[in-house]
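Novice: A single structure is presented below for examination.
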Amino acid sequence: MLETVQSNGIDRESSDKRKTRESTNTEFLELVGSRIKKIRKEKKITRKLLSEQSGVSERYLALLESGKGNVSIALLRQVAQSLDVEPEILVSNSAPINGESRLLLGLLAGLTSNDRLRFKDQLLRELRNSPANRSYRIALIGLRGAGKTTVGERLSIILNIPFVEIDREIEKLVDAPLSEIFITYGQEGYRNLEKTCLENVLSNGDNCIISTGGSIVQEQSAYDLLLSTCYTVWLKASPKEHMDRVVAQGDLRPIAGNSKAMEQLKEILIKRQSSYEKADVTVATDGKDPHIIASQILADRTLRKLIQHTN
């Protein structure tokens with residue numbers, strides 16, 4: 001009897017794992033298919049033309065784009081070459097690398113480190129001045145307790161666009177709370193996940209409000225990406241306001257057994273101030289209602305131009 005129960009348990013476990021694997025495979029095929037379809041449409045290539053260029057039948061391409069074609073590595077490579085992207089782009093979250101991108105990477109490789117830094121700074125300035133590149137994705141930056149969630153939700157309602165919290169995206173990606181993520185992956189691991197989730201959000205190309213982690217300014221590549229693709233707002237609060245808001249939320253960890261908590265908070269703000277100041281606009285939040293803060297953000301002339309350009 002015991003052996004029968006154990007056997008049934010094993011069978012159920014195997015069945016559950018099989019179903020999970022099948023579901024995961026289905027999601028993966030759908031992801032690859034949607035990515036091929038998206039890139040094909042962005043490049044204005046018909047399915048018929050892609051079929052002719054890749055040697056993959058039009059019927060099979062239709063199945064592939066619908067997520068029902070279990071493509072081989074060789075066929076995937078043929079499709080990728082015809083779309084002028086690397087094969088791994090079709091199965092990863094990275095941005096497509098086409099011929100022009102490869103040319104630029106080759107040119108950059110021949111520059112000195114100082115020249116690369118100057119080129120990067122100039123490119124970011126150009127991108128920040130181009131509404132078409134930033135749409136009106138609004139990124140809120142600042143330390144915890146600045147009001148990013150409250151203000152972000154308010155802006156989301158006013159503009160009728162999604163509100164995305166990068167920390168929540170990280171939790172969904174790893175399927176674990178932030179506290180466990182920091183223990184398991186450490187600070188560096190968290191920052192890698194943060195950049196991945198930010199890239200995922202930006203790759204959609206949709207207008208949205210983004211709330212970032214307070215330390216994103218310390219990961220230069222992620223912060224540069226944010227500055228060049230979003231209208232950034234520093235929600236600036238005094239150290240006392242930061243501390244009071246966090247404690248009011250029920251989190252006593254910043255002050256529990258730490259008599260120097262306020263001094264440490266002040267040091268963090270001073271250390272990050274020059275980075276936060278790179279935002280498009282700074283809004284002081286001390287003692288202000290979230291509705292007032294949202295109104296101040298939306299009143300900025302540059303942001304109004306971005307919204308009008310998109311609409």
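As shown in the structure tokens, the chain order sets the letters A, B, ...; within each chain, residues go from 1, and ligands are also counted from 1 in the order they appear.
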Enumerate, as a ChimeraX atom specification, the complete set of residues in range 123-266 of chain A that a backbone-based DSSP assignment places in strand (DSSP E or B).

Specialist: /A:138-141,163-165,209-211,231-236

Novice: Would you write out those residues with N, CA and C atoms, as a CSV table (one decimal), in the first residue's frame?

Specialist:
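Result went into again-v8.csv, see below:
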chain,number,residue,atom,x,y,z
A,138,ILE,N,8.5,58.3,-18.7
A,138,ILE,CA,8.9,59.2,-17.6
A,138,ILE,C,9.5,58.3,-16.5
A,139,ALA,N,10.8,58.5,-16.2
A,139,ALA,CA,11.5,57.7,-15.2
A,139,ALA,C,11.7,58.5,-13.9
A,140,LEU,N,11.2,58.0,-12.8
A,140,LEU,CA,11.3,58.6,-11.5
A,140,LEU,C,12.5,58.1,-10.8
A,141,ILE,N,13.5,58.9,-10.4
A,141,ILE,CA,14.6,58.5,-9.6
A,141,ILE,C,14.7,59.2,-8.3
A,163,PHE,N,2.1,52.1,-15.2
A,163,PHE,CA,3.1,52.4,-14.2
A,163,PHE,C,3.9,51.1,-13.9
A,164,VAL,N,5.2,51.2,-14.0
A,164,VAL,CA,6.1,50.0,-13.9
A,164,VAL,C,7.1,50.3,-12.8
A,165,GLU,N,7.2,49.4,-11.8
A,165,GLU,CA,8.2,49.5,-10.8
A,165,GLU,C,9.3,48.5,-11.1
A,209,ILE,N,5.3,55.1,-17.1
A,209,ILE,CA,5.9,55.7,-16.0
A,209,ILE,C,6.8,54.6,-15.3
A,210,ILE,N,8.1,54.9,-15.1
A,210,ILE,CA,9.0,53.9,-14.5
A,210,ILE,C,9.5,54.4,-13.2
A,211,SER,N,9.4,53.6,-12.2
A,211,SER,CA,10.0,53.9,-10.9
A,211,SER,C,11.2,53.0,-10.7
A,231,TYR,N,12.5,60.5,-20.0
A,231,TYR,CA,12.4,61.8,-19.4
A,231,TYR,C,12.6,61.5,-17.9
A,232,THR,N,13.7,61.9,-17.3
A,232,THR,CA,14.0,61.6,-16.0
A,232,THR,C,13.7,62.7,-15.0
A,233,VAL,N,13.1,62.3,-13.9
A,233,VAL,CA,12.7,63.2,-12.8
A,233,VAL,C,13.3,62.8,-11.5
A,234,TRP,N,14.1,63.7,-10.9
A,234,TRP,CA,14.6,63.4,-9.5
A,234,TRP,C,13.6,63.9,-8.5
A,235,LEU,N,13.0,63.0,-7.8
A,235,LEU,CA,12.1,63.4,-6.7
A,235,LEU,C,13.0,63.6,-5.5
A,236,LYS,N,13.3,64.9,-5.2
A,236,LYS,CA,14.3,65.2,-4.1
A,236,LYS,C,13.6,65.5,-2.8

Novice: Quick one: pick out all helix (DSSP H, G or I) residues within range 102-261 of chain A from a backbone DSSP run and write them as a PyMOL selection string.

Specialist: chain A and resi 102-109+113-128+131-134+148-159+166-174+178-203+216-218+220-229+239-248+261

Novice: Name the closest residue to Ile158 in chain A among the candidates A:Leu298, A:Gln122, A:Gln78, A:Ile183; distances are taken between atoms, counting only C-alpha atoms.

Specialist: A:Leu298

Novice: Just how far from CA of Ser295 in chain A is CA of Ser238 in chain A, in Å to one decimal?

Specialist: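 It comes out at 20.3 Å.
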
Novice: Just give me the gap between CA of Leu75 in chain A and CA of Arg21 in chain A in Å, one decimal is fine.

Specialist: 23.0 Å

Novice: Suppose you want the space between CA of Leu50 in chain A and CA of Ala80 in chain A; what is it in Å?

Specialist: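 CA of Ala80 in chain A lies at a distance of 10.0 Å from CA of Leu50 in chain A.
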
Novice: With distances taken over only C-alpha atoms, which residue among A:Asp224, A:Glu153, A:Glu188, A:Glu27 lies nearest Val91 in chain A?

Specialist: A:Glu27

Novice: Taking only C-alpha atoms into account, which of A:Asp115, A:Asp167, A:Glu241, A:Asp84 comes nearest Glu42 in chain A?

Specialist: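 Of A:Asp115, A:Asp167, A:Glu241, A:Asp84, the one nearest Glu42 in chain A is A:Asp84, counting only C-alpha atoms.
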